[in-house]
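Have a look at model.pdb below; it lists PDB, C-alpha atoms, pLDDT in the B column.
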ATOM      1  CA  MET A1382      12.775 -25.057  -5.948  1.00 80.00           C
ATOM      2  CA  VAL A1383      10.481 -24.258  -3.053  1.00 91.00           C
ATOM      3  CA  ASP A1384      10.335 -26.807  -0.249  1.00 94.00           C
ATOM      4  CA  TRP A1385       6.656 -26.371   0.544  1.00 94.00           C
ATOM      5  CA  ALA A1386       6.996 -28.729   3.504  1.00 94.00           C
ATOM      6  CA  GLN A1387       8.790 -25.841   5.246  1.00 94.00           C
ATOM      7  CA  MET A1388       6.363 -23.125   4.132  1.00 96.00           C
ATOM      8  CA  ARG A1389       3.436 -22.908   6.505  1.00 96.00           C
ATOM      9  CA  ASP A1390       0.606 -20.599   5.522  1.00 96.00           C
ATOM     10  CA  CYS A1391      -1.396 -18.280   7.752  1.00 94.00           C
ATOM     11  CA  ARG A1392      -3.573 -21.244   8.818  1.00 92.00           C
ATOM     12  CA  PHE A1393      -0.519 -23.305   9.772  1.00 93.00           C
ATOM     13  CA  ASP A1394      -1.004 -25.719   6.867  1.00 95.00           C
ATOM     14  CA  PHE A1395       1.745 -26.727   4.432  1.00 95.00           C
ATOM     15  CA  ASP A1396      -0.002 -28.359   1.490  1.00 94.00           C
ATOM     16  CA  ARG A1397      -2.928 -26.170   0.468  1.00 97.00           C
ATOM     17  CA  VAL A1398      -1.105 -23.186  -1.036  1.00 98.00           C
ATOM     18  CA  PRO A1399       0.772 -25.115  -3.754  1.00 97.00           C
ATOM     19  CA  GLU A1400      -2.442 -26.963  -4.633  1.00 98.00           C
ATOM     20  CA  LEU A1401      -4.356 -23.690  -4.901  1.00 98.00           C
ATOM     21  CA  LEU A1402      -1.629 -22.069  -6.990  1.00 98.00           C
ATOM     22  CA  GLU A1403      -1.809 -24.954  -9.435  1.00 98.00           C
ATOM     23  CA  ARG A1404      -5.561 -24.447  -9.729  1.00 98.00           C
ATOM     24  CA  VAL A1405      -5.358 -20.736 -10.538  1.00 98.00           C
ATOM     25  CA  GLU A1406      -2.474 -21.330 -12.939  1.00 98.00           C
ATOM     26  CA  ARG A1407      -4.661 -23.742 -14.924  1.00 97.00           C
ATOM     27  CA  GLN A1408      -7.739 -21.544 -15.141  1.00 95.00           C
ATOM     28  CA  ALA A1409      -9.727 -18.760 -13.474  1.00 93.00           C
ATOM     29  CA  ASP A1410     -10.949 -20.130 -10.152  1.00 96.00           C
ATOM     30  CA  ALA A1411     -12.712 -17.680  -7.849  1.00 97.00           C
ATOM     31  CA  GLU A1412     -12.905 -20.102  -4.940  1.00 98.00           C
ATOM     32  CA  ALA A1413      -9.198 -20.896  -5.133  1.00 98.00           C
ATOM     33  CA  TRP A1414      -8.305 -17.206  -5.212  1.00 98.00           C
ATOM     34  CA  GLN A1415     -10.503 -16.555  -2.193  1.00 97.00           C
ATOM     35  CA  GLU A1416      -8.850 -19.318  -0.206  1.00 97.00           C
ATOM     36  CA  LEU A1417      -5.378 -18.202  -1.286  1.00 97.00           C
ATOM     37  CA  GLY A1418      -6.228 -14.743   0.002  1.00 96.00           C
ATOM     38  CA  TRP A1419      -6.903 -15.833   3.547  1.00 94.00           C
ATOM     39  CA  ARG A1420      -4.087 -18.373   3.582  1.00 96.00           C
ATOM     40  CA  LEU A1421      -1.437 -15.897   2.378  1.00 97.00           C
ATOM     41  CA  VAL A1422      -2.642 -12.683   4.076  1.00 95.00           C
ATOM     42  CA  LEU A1423      -4.300 -12.860   7.450  1.00 86.00           C
ATOM     43  CA  GLU A1424      -6.159  -9.885   8.858  1.00 74.00           C
ATOM     44  CA  HIS A1425      -4.149  -6.853   9.952  1.00 68.00           C
ATOM     45  CA  ASP A1426      -0.439  -7.166   9.079  1.00 74.00           C
ATOM     46  CA  LEU A1427       0.137 -10.909   9.211  1.00 86.00           C
ATOM     47  CA  VAL A1428       1.827 -12.889   6.452  1.00 95.00           C
ATOM     48  CA  SER A1429       3.651 -16.223   6.540  1.00 95.00           C
ATOM     49  CA  PRO A1430       6.535 -18.101   4.876  1.00 96.00           C
ATOM     50  CA  ALA A1431       4.108 -19.399   2.259  1.00 97.00           C
ATOM     51  CA  SER A1432       3.226 -15.803   1.362  1.00 97.00           C
ATOM     52  CA  PHE A1433       6.737 -15.037   0.165  1.00 97.00           C
ATOM     53  CA  ALA A1434       7.207 -18.491  -1.334  1.00 97.00           C
ATOM     54  CA  ALA A1435       4.115 -17.857  -3.465  1.00 98.00           C
ATOM     55  CA  LEU A1436       5.258 -14.452  -4.737  1.00 98.00           C
ATOM     56  CA  PRO A1437       7.178 -15.646  -7.830  1.00 98.00           C
ATOM     57  CA  ARG A1438       4.176 -17.595  -9.096  1.00 98.00           C
ATOM     58  CA  LEU A1439       1.794 -14.739  -8.339  1.00 98.00           C
ATOM     59  CA  VAL A1440       4.031 -12.288 -10.202  1.00 98.00           C
ATOM     60  CA  ARG A1441       4.154 -14.597 -13.235  1.00 98.00           C
ATOM     61  CA  LEU A1442       0.350 -14.465 -13.283  1.00 98.00           C
ATOM     62  CA  ALA A1443       0.185 -10.724 -12.591  1.00 98.00           C
ATOM     63  CA  PRO A1444       0.280  -9.414 -16.194  1.00 97.00           C
ATOM     64  CA  ARG A1445      -3.045 -11.098 -16.920  1.00 96.00           C
ATOM     65  CA  SER A1446      -4.639 -11.505 -13.490  1.00 97.00           C
ATOM     66  CA  ALA A1447      -6.109  -8.783 -11.281  1.00 97.00           C
ATOM     67  CA  GLU A1448      -6.357 -11.328  -8.459  1.00 98.00           C
ATOM     68  CA  ALA A1449      -2.631 -12.089  -8.671  1.00 98.00           C
ATOM     69  CA  ARG A1450      -1.708  -8.393  -8.735  1.00 98.00           C
ATOM     70  CA  GLY A1451      -3.931  -7.667  -5.771  1.00 97.00           C
ATOM     71  CA  LEU A1452      -2.716 -10.578  -3.662  1.00 98.00           C
ATOM     72  CA  ALA A1453       0.974  -9.995  -4.434  1.00 98.00           C
ATOM     73  CA  GLY A1454       0.472  -6.344  -3.549  1.00 97.00           C
ATOM     74  CA  LYS A1455      -1.167  -7.195  -0.221  1.00 96.00           C
ATOM     75  CA  ILE A1456       1.741  -9.452   0.681  1.00 97.00           C
ATOM     76  CA  LEU A1457       4.303  -6.760  -0.116  1.00 97.00           C
ATOM     77  CA  GLU A1458       2.340  -4.076   1.730  1.00 95.00           C
ATOM     78  CA  ARG A1459       2.984  -6.145   4.850  1.00 93.00           C
ATOM     79  CA  ALA A1460       6.616  -6.945   4.063  1.00 93.00           C
ATOM     80  CA  ALA A1461       7.963  -4.582   6.730  1.00 90.00           C
ATOM     81  CA  GLY A1462       5.962  -6.256   9.494  1.00 86.00           C
ATOM     82  CA  PRO A1463       7.169  -8.765  12.110  1.00 84.00           C
ATOM     83  CA  HIS A1464       6.812 -11.848   9.922  1.00 88.00           C
ATOM     84  CA  GLY A1465      10.170 -13.472  10.682  1.00 89.00           C
ATOM     85  CA  CYS A1466      10.787 -14.215   6.992  1.00 92.00           C
ATOM     86  CA  ASP A1467      13.493 -11.698   6.118  1.00 91.00           C
ATOM     87  CA  ASP A1468      15.578 -14.314   4.317  1.00 93.00           C
ATOM     88  CA  LEU A1469      12.640 -15.334   2.129  1.00 94.00           C
ATOM     89  CA  LEU A1470      11.865 -11.693   1.370  1.00 94.00           C
ATOM     90  CA  ALA A1471      15.498 -11.066   0.381  1.00 95.00           C
ATOM     91  CA  ASP A1472      15.358 -14.053  -1.976  1.00 95.00           C
ATOM     92  CA  CYS A1473      12.398 -12.397  -3.717  1.00 97.00           C
ATOM     93  CA  ALA A1474      14.340  -9.260  -4.725  1.00 97.00           C
ATOM     94  CA  GLY A1475      14.386 -10.159  -8.414  1.00 98.00           C
ATOM     95  CA  THR A1476      10.721 -11.130  -8.378  1.00 98.00           C
ATOM     96  CA  ILE A1477       9.780  -7.849  -6.681  1.00 98.00           C
ATOM     97  CA  ALA A1478      11.695  -5.864  -9.294  1.00 98.00           C
ATOM     98  CA  ASP A1479       9.877  -7.761 -12.056  1.00 98.00           C
ATOM     99  CA  PHE A1480       6.572  -7.017 -10.324  1.00 98.00           C
ATOM    100  CA  GLY A1481       7.394  -3.311 -10.398  1.00 98.00           C
ATOM    101  CA  VAL A1482       7.823  -3.457 -14.183  1.00 98.00           C
ATOM    102  CA  VAL A1483       4.513  -5.293 -14.551  1.00 98.00           C
ATOM    103  CA  LEU A1484       2.722  -2.762 -12.344  1.00 98.00           C
ATOM    104  CA  ASP A1485       4.142   0.287 -14.111  1.00 98.00           C
ATOM    105  CA  ARG A1486       3.066  -1.094 -17.485  1.00 98.00           C
ATOM    106  CA  HIS A1487      -0.377  -1.894 -16.080  1.00 98.00           C
ATOM    107  CA  LEU A1488      -0.818   1.570 -14.575  1.00 98.00           C
ATOM    108  CA  ARG A1489      -0.097   3.194 -17.941  1.00 98.00           C
ATOM    109  CA  SER A1490      -3.193   1.453 -19.313  1.00 98.00           C
ATOM    110  CA  ARG A1491      -5.362   3.379 -16.768  1.00 97.00           C
ATOM    111  CA  PRO A1492      -7.071   0.209 -15.474  1.00 97.00           C
ATOM    112  CA  ALA A1493     -10.106  -0.163 -13.250  1.00 96.00           C
ATOM    113  CA  ASP A1494      -7.884  -1.472 -10.439  1.00 96.00           C
ATOM    114  CA  TYR A1495      -5.551   1.534 -10.639  1.00 98.00           C
ATOM    115  CA  LEU A1496      -5.449   2.271  -6.894  1.00 98.00           C
ATOM    116  CA  VAL A1497      -4.751  -1.375  -6.004  1.00 97.00           C
ATOM    117  CA  ALA A1498      -1.877  -1.493  -8.496  1.00 98.00           C
ATOM    118  CA  PHE A1499      -0.539   1.912  -7.421  1.00 98.00           C
ATOM    119  CA  ARG A1500      -0.449   0.849  -3.774  1.00 98.00           C
ATOM    120  CA  ALA A1501       1.337  -2.343  -4.810  1.00 98.00           C
ATOM    121  CA  LEU A1502       3.923  -0.265  -6.690  1.00 98.00           C
ATOM    122  CA  LEU A1503       4.484   1.836  -3.568  1.00 98.00           C
ATOM    123  CA  ALA A1504       5.149  -1.379  -1.653  1.00 97.00           C
ATOM    124  CA  VAL A1505       7.575  -2.528  -4.356  1.00 98.00           C
ATOM    125  CA  GLU A1506       9.457   0.730  -3.779  1.00 97.00           C
ATOM    126  CA  GLU A1507       9.410   0.066  -0.012  1.00 96.00           C
ATOM    127  CA  GLU A1508       7.141   3.044   0.630  1.00 97.00           C
ATOM    128  CA  TYR A1509       5.158   0.841   2.960  1.00 96.00           C
ATOM    129  CA  HIS A1510       3.554   3.597   5.024  1.00 96.00           C
ATOM    130  CA  TRP A1511       2.075   5.210   1.900  1.00 97.00           C
ATOM    131  CA  ALA A1512       1.054   1.850   0.430  1.00 97.00           C
ATOM    132  CA  ASN A1513      -1.017   1.228   3.547  1.00 93.00           C
ATOM    133  CA  ALA A1514      -2.319   4.774   3.985  1.00 94.00           C
ATOM    134  CA  LEU A1515      -3.716   5.701   0.570  1.00 96.00           C
ATOM    135  CA  GLU A1516      -7.441   5.105   0.221  1.00 95.00           C
ATOM    136  CA  GLY A1517      -8.067   7.026  -3.014  1.00 96.00           C
ATOM    137  CA  PHE A1518      -8.714  10.471  -1.506  1.00 97.00           C
ATOM    138  CA  LYS A1519     -12.478  10.129  -1.418  1.00 95.00           C
ATOM    139  CA  ASP A1520     -12.378  10.727   2.333  1.00 93.00           C
ATOM    140  CA  ASP A1521      -8.829   9.945   3.504  1.00 96.00           C
ATOM    141  CA  ILE A1522      -8.229  10.669   7.189  1.00 95.00           C
ATOM    142  CA  ASN A1523      -4.776  10.573   8.775  1.00 96.00           C
ATOM    143  CA  GLY A1524      -3.538  11.700  12.156  1.00 97.00           C
ATOM    144  CA  VAL A1525      -0.297  13.535  12.887  1.00 98.00           C
ATOM    145  CA  ASP A1526       1.092  15.383  15.880  1.00 98.00           C
ATOM    146  CA  CYS A1527       1.906  19.048  15.540  1.00 98.00           C
ATOM    147  CA  PRO A1528       5.721  19.269  15.695  1.00 97.00           C
ATOM    148  CA  ARG A1529       5.513  22.485  17.708  1.00 97.00           C
ATOM    149  CA  CYS A1530       2.800  22.020  20.345  1.00 97.00           C
ATOM    150  CA  GLY A1531       2.324  18.240  20.151  1.00 97.00           C
ATOM    151  CA  VAL A1532      -1.452  18.333  19.781  1.00 97.00           C
ATOM    152  CA  GLY A1533      -3.012  15.587  17.682  1.00 97.00           C
ATOM    153  CA  VAL A1534      -4.107  16.987  14.327  1.00 98.00           C
ATOM    154  CA  THR A1535      -6.503  15.241  11.963  1.00 98.00           C
ATOM    155  CA  ILE A1536      -5.624  15.649   8.281  1.00 98.00           C
ATOM    156  CA  ALA A1537      -8.589  15.188   5.943  1.00 98.00           C
ATOM    157  CA  ILE A1538      -8.222  14.992   2.167  1.00 98.00           C
ATOM    158  CA  GLY A1539     -11.270  14.108   0.110  1.00 97.00           C
ATOM    159  CA  ASP A1540     -14.631  15.035  -1.339  1.00 95.00           C
ATOM    160  CA  PHE A1541     -15.627  16.829   1.862  1.00 94.00           C
ATOM    161  CA  GLY A1542     -12.604  19.119   1.852  1.00 97.00           C
ATOM    162  CA  CYS A1543      -8.871  19.244   2.495  1.00 98.00           C
ATOM    163  CA  TYR A1544      -8.136  20.563   5.957  1.00 98.00           C
ATOM    164  CA  SER A1545      -6.409  20.146   9.297  1.00 98.00           C
ATOM    165  CA  GLN A1546      -8.704  19.695  12.287  1.00 98.00           C
ATOM    166  CA  VAL A1547      -8.441  19.851  16.058  1.00 97.00           C
ATOM    167  CA  TRP A1548     -11.164  19.240  18.629  1.00 93.00           C
ATOM    168  CA  ASP A1549     -10.940  21.090  21.937  1.00 89.00           C
ATOM    169  CA  GLY A1550     -13.708  19.882  24.214  1.00 85.00           C
ATOM    170  CA  GLY A1551     -16.726  19.971  21.926  1.00 88.00           C
ATOM    171  CA  LYS A1552     -15.342  22.695  19.682  1.00 94.00           C
ATOM    172  CA  GLU A1553     -13.901  21.940  16.267  1.00 95.00           C
ATOM    173  CA  THR A1554     -11.330  24.164  14.581  1.00 97.00           C
ATOM    174  CA  ARG A1555     -10.287  23.706  10.959  1.00 97.00           C
ATOM    175  CA  ARG A1556      -7.682  25.195   8.677  1.00 98.00           C
ATOM    176  CA  GLY A1557      -7.408  24.607   4.927  1.00 98.00           C
ATOM    177  CA  LEU A1558      -4.422  22.627   3.678  1.00 98.00           C
ATOM    178  CA  ARG A1559      -1.885  24.260   1.389  1.00 98.00           C
ATOM    179  CA  PRO A1560      -1.170  21.899  -1.521  1.00 98.00           C
ATOM    180  CA  ALA A1561       2.320  21.721  -2.983  1.00 97.00           C
ATOM    181  CA  ALA A1562       2.731  22.834  -6.577  1.00 94.00           C
ATOM    182  CA  GLY A1563       3.836  19.966  -8.780  1.00 89.00           C
ATOM    183  CA  GLU A1564       7.129  21.639  -9.655  1.00 91.00           C
ATOM    184  CA  LYS A1565       7.899  22.151  -5.956  1.00 92.00           C
ATOM    185  CA  LEU A1566       7.624  18.477  -5.080  1.00 97.00           C
ATOM    186  CA  ALA A1567      10.722  16.342  -4.602  1.00 96.00           C
ATOM    187  CA  GLY A1568      11.623  12.759  -3.764  1.00 97.00           C
ATOM    188  CA  THR A1569       8.784  10.329  -3.131  1.00 97.00           C
ATOM    189  CA  GLY A1570       6.100  12.984  -3.441  1.00 98.00           C
ATOM    190  CA  GLN A1571       7.381  14.045  -6.852  1.00 98.00           C
ATOM    191  CA  TRP A1572       7.550  10.442  -8.040  1.00 98.00           C
ATOM    192  CA  MET A1573       4.014   9.654  -6.845  1.00 98.00           C
ATOM    193  CA  HIS A1574       2.633  12.851  -8.358  1.00 98.00           C
ATOM    194  CA  GLN A1575       4.372  12.375 -11.704  1.00 98.00           C
ATOM    195  CA  ILE A1576       3.014   8.840 -12.116  1.00 98.00           C
ATOM    196  CA  THR A1577      -0.568   9.823 -11.341  1.00 98.00           C
ATOM    197  CA  VAL A1578      -0.387  12.887 -13.616  1.00 98.00           C
ATOM    198  CA  ARG A1579       1.118  10.738 -16.377  1.00 98.00           C
ATOM    199  CA  ASP A1580      -1.786   8.319 -16.062  1.00 98.00           C
ATOM    200  CA  GLY A1581      -4.521  10.955 -15.939  1.00 98.00           C
ATOM    201  CA  GLN A1582      -5.477  10.216 -12.325  1.00 98.00           C
ATOM    202  CA  GLU A1583      -6.559  13.716 -11.359  1.00 97.00           C
ATOM    203  CA  VAL A1584      -8.083  12.828  -7.976  1.00 97.00           C
ATOM    204  CA  LEU A1585      -4.975  10.967  -6.867  1.00 98.00           C
ATOM    205  CA  ALA A1586      -2.631  13.657  -8.193  1.00 98.00           C
ATOM    206  CA  ASN A1587      -4.572  16.385  -6.363  1.00 97.00           C
ATOM    207  CA  GLY A1588      -4.647  14.344  -3.158  1.00 98.00           C
ATOM    208  CA  ILE A1589      -0.900  13.736  -3.317  1.00 98.00           C
ATOM    209  CA  ALA A1590      -0.292  17.459  -3.800  1.00 98.00           C
ATOM    210  CA  HIS A1591      -2.204  18.101  -0.558  1.00 98.00           C
ATOM    211  CA  LEU A1592      -0.580  15.178   1.260  1.00 98.00           C
ATOM    212  CA  PHE A1593       2.881  16.507   0.461  1.00 98.00           C
ATOM    213  CA  GLY A1594       1.856  20.103   1.067  1.00 98.00           C
ATOM    214  CA  GLU A1595       1.564  22.119   4.273  1.00 98.00           C
ATOM    215  CA  ALA A1596      -0.921  22.231   7.121  1.00 98.00           C
ATOM    216  CA  GLU A1597      -1.529  24.854   9.768  1.00 98.00           C
ATOM    217  CA  CYS A1598      -2.038  23.572  13.274  1.00 98.00           C
ATOM    218  CA  PRO A1599      -5.463  24.872  14.352  1.00 97.00           C
ATOM    219  CA  HIS A1600      -4.232  24.942  17.970  1.00 95.00           C
ATOM    220  CA  CYS A1601      -0.967  26.908  17.782  1.00 97.00           C
ATOM    221  CA  ALA A1602      -0.986  28.186  14.168  1.00 97.00           C
ATOM    222  CA  SER A1603       2.412  26.669  13.311  1.00 98.00           C
ATOM    223  CA  VAL A1604       2.831  25.431   9.737  1.00 98.00           C
ATOM    224  CA  PHE A1605       4.313  22.022   8.962  1.00 98.00           C
ATOM    225  CA  ASN A1606       4.717  19.587   6.075  1.00 98.00           C
ATOM    226  CA  VAL A1607       2.050  16.892   6.301  1.00 98.00           C
ATOM    227  CA  ALA A1608       4.050  14.120   4.620  1.00 98.00           C
ATOM    228  CA  ASP A1609       7.150  14.767   6.717  1.00 98.00           C
ATOM    229  CA  GLU A1610       5.243  14.404   9.977  1.00 98.00           C
ATOM    230  CA  TYR A1611       3.300  11.353   8.841  1.00 98.00           C
ATOM    231  CA  THR A1612       6.458   9.680   7.534  1.00 97.00           C
ATOM    232  CA  SER A1613       8.364  10.411  10.739  1.00 96.00           C
ATOM    233  CA  ALA A1614       5.680   8.684  12.799  1.00 96.00           C
ATOM    234  CA  ASN A1615       4.752   5.813  10.477  1.00 95.00           C
ATOM    235  CA  ARG A1616       7.608   4.804   8.190  1.00 93.00           C
ATOM    236  CA  PRO A1617       8.806   1.395   9.397  1.00 90.00           C
ATOM    237  CA  VAL A1618      12.409   0.936  10.416  1.00 74.00           C
ATOM    238  CA  MET A1619      13.861  -1.314   7.732  1.00 63.00           C
ATOM    239  CA  ARG A1620      15.931  -4.230   8.929  1.00 55.00           C
TER     240      ARG A1620
END
For this file, produce the structure as structure tokens.
Amino acid sequence: MVDWAQMRDCRFDFDRVPELLERVERQADAEAWQELGWRLVLEHDLVSPASFAALPRLVRLAPRSAEARGLAGKILERAAGPHGCDDLLADCAGTIADFGVVLDRHLRSRPADYLVAFRALLAVEEEYHWANALEGFKDDINGVDCPRCGVGVTIAIGDFGCYSQVWDGGKETRRGLRPAAGEKLAGTGQWMHQITVRDGQEVLANGIAHLFGEAECPHCASVFNVADEYTSANRPVMR
């Protein structure tokens, strides 16, 4: 049983979250979902004890509720942050595993909220940096440092092209990215690519192939793996 008297939310209240959860469990309630959103996930990376206390009930709703899937995913995307609730997160291990099963089944149905659910699944798998970085590859922009010369390189993957970019003064230099072939992928990149191919998500699959492929530094012409450099700089240190 959850002692809600010990579970402050992001507004430093203790009683509203259980009341709101009861409302959405009874029926669809847009206002309750909206309030739950800003009580359980504050802007930027902030979550609270109530966020993790609410996870089991959100996951029970997740098979039939896009709002529950989205909110549970947002909480988990911030699970590596400085929330001070490691014990509560550890207690949710079984719930998180169940959420992964729900999400995988949902993704196979090729739903309208595919990207939201896919990011949530990445968070379930503790791939927090990817869960927070993926925007759907319409115009994804990420920054990495060239491992050879140290210059900041912009990596663009989207409708306007897939390239590495460096600005020197007012001059822009670009180089096309080199996507990885599906059979050459391994580890997390292979897993992400296989799921999106399985589910017919061509844009995501193509973006992942570029993300886990190679870039040429426009400044020094060295070639590096995009995902390796982004992961090295952005993957959180797990406690």
Output of the PyMOL selection byres ((chain A and resi 1496) around 10), listed as a list in words |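 With the PyMOL selection byres ((chain A and resi 1496) around 10) on this model, the match is Leu1488, Arg1491, Pro1492, Ala1493, Asp1494, Tyr1495, Val1497, Ala1498, Phe1499, Arg1500, Ala1501, Leu1502, Ala1512, Leu1515, Glu1516, Gly1517, Gln1582 and Leu1585 of chain A.
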Restricted to C-alpha atoms, what would the selected residues look like written as a short mmCIF file (atom, residue, chain, number, x, y, z; two decimals), in the frame of the given file?
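Below is the file selection-v4.cif, written as the result:
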data_model
loop_
_atom_site.label_atom_id
_atom_site.label_comp_id
_atom_site.auth_asym_id
_atom_site.auth_seq_id
_atom_site.Cartn_x
_atom_site.Cartn_y
_atom_site.Cartn_z
CA LEU A 1488 -0.82 1.57 -14.58
CA ARG A 1491 -5.36 3.38 -16.77
CA PRO A 1492 -7.07 0.21 -15.47
CA ALA A 1493 -10.11 -0.16 -13.25
CA ASP A 1494 -7.88 -1.47 -10.44
CA TYR A 1495 -5.55 1.53 -10.64
CA VAL A 1497 -4.75 -1.38 -6.00
CA ALA A 1498 -1.88 -1.49 -8.50
CA PHE A 1499 -0.54 1.91 -7.42
CA ARG A 1500 -0.45 0.85 -3.77
CA ALA A 1501 1.34 -2.34 -4.81
CA LEU A 1502 3.92 -0.26 -6.69
CA ALA A 1512 1.05 1.85 0.43
CA LEU A 1515 -3.72 5.70 0.57
CA GLU A 1516 -7.44 5.11 0.22
CA GLY A 1517 -8.07 7.03 -3.01
CA GLN A 1582 -5.48 10.22 -12.32
CA LEU A 1585 -4.97 10.97 -6.87
#
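Closest to A:Phe1393 among A:Leu1503, A:Val1428, A:Ala1434, A:Ala1590 is A:Val1428, based on all atoms listed in the file.
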If the PyMOL selection byres ((chain A and resi 1461-1476) around 7) is run on the structure shown, which residues does it catch, given as an mmCIF file with C-alpha atoms, in the frame of the given file?
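Done, and the output landed in expr20.cif:
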data_model
loop_
_atom_site.group_PDB
_atom_site.id
_atom_site.type_symbol
_atom_site.label_atom_id
_atom_site.label_comp_id
_atom_site.auth_asym_id
_atom_site.auth_seq_id
_atom_site.Cartn_x
_atom_site.Cartn_y
_atom_site.Cartn_z
ATOM 1 C CA ASP A 1426 -0.439 -7.166 9.079
ATOM 2 C CA LEU A 1427 0.137 -10.909 9.211
ATOM 3 C CA VAL A 1428 1.827 -12.889 6.452
ATOM 4 C CA SER A 1429 3.651 -16.223 6.540
ATOM 5 C CA PRO A 1430 6.535 -18.101 4.876
ATOM 6 C CA PHE A 1433 6.737 -15.037 0.165
ATOM 7 C CA PRO A 1437 7.178 -15.646 -7.830
ATOM 8 C CA ARG A 1459 2.984 -6.145 4.850
ATOM 9 C CA ALA A 1460 6.616 -6.945 4.063
ATOM 10 C CA ILE A 1477 9.780 -7.849 -6.681
ATOM 11 C CA ALA A 1478 11.695 -5.864 -9.294
ATOM 12 C CA ASP A 1479 9.877 -7.761 -12.056
ATOM 13 C CA PHE A 1480 6.572 -7.017 -10.324
ATOM 14 C CA PRO A 1617 8.806 1.395 9.397
ATOM 15 C CA MET A 1619 13.861 -1.314 7.732
#
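Among the candidate residues A:Leu1452, A:Leu1592, A:Ala1608, A:Ala1561, the one lying nearest to A:Glu1416 is A:Leu1452, with distances computed using all atoms listed in the file.
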Could you work out how far atom CA of A:Asn1523 lies from atom CA of A:Glu1507, giving the answer in Å with one decimal?
->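 Pair atom CA of A:Glu1507 / atom CA of A:Asn1523 returns 19.7 Å.
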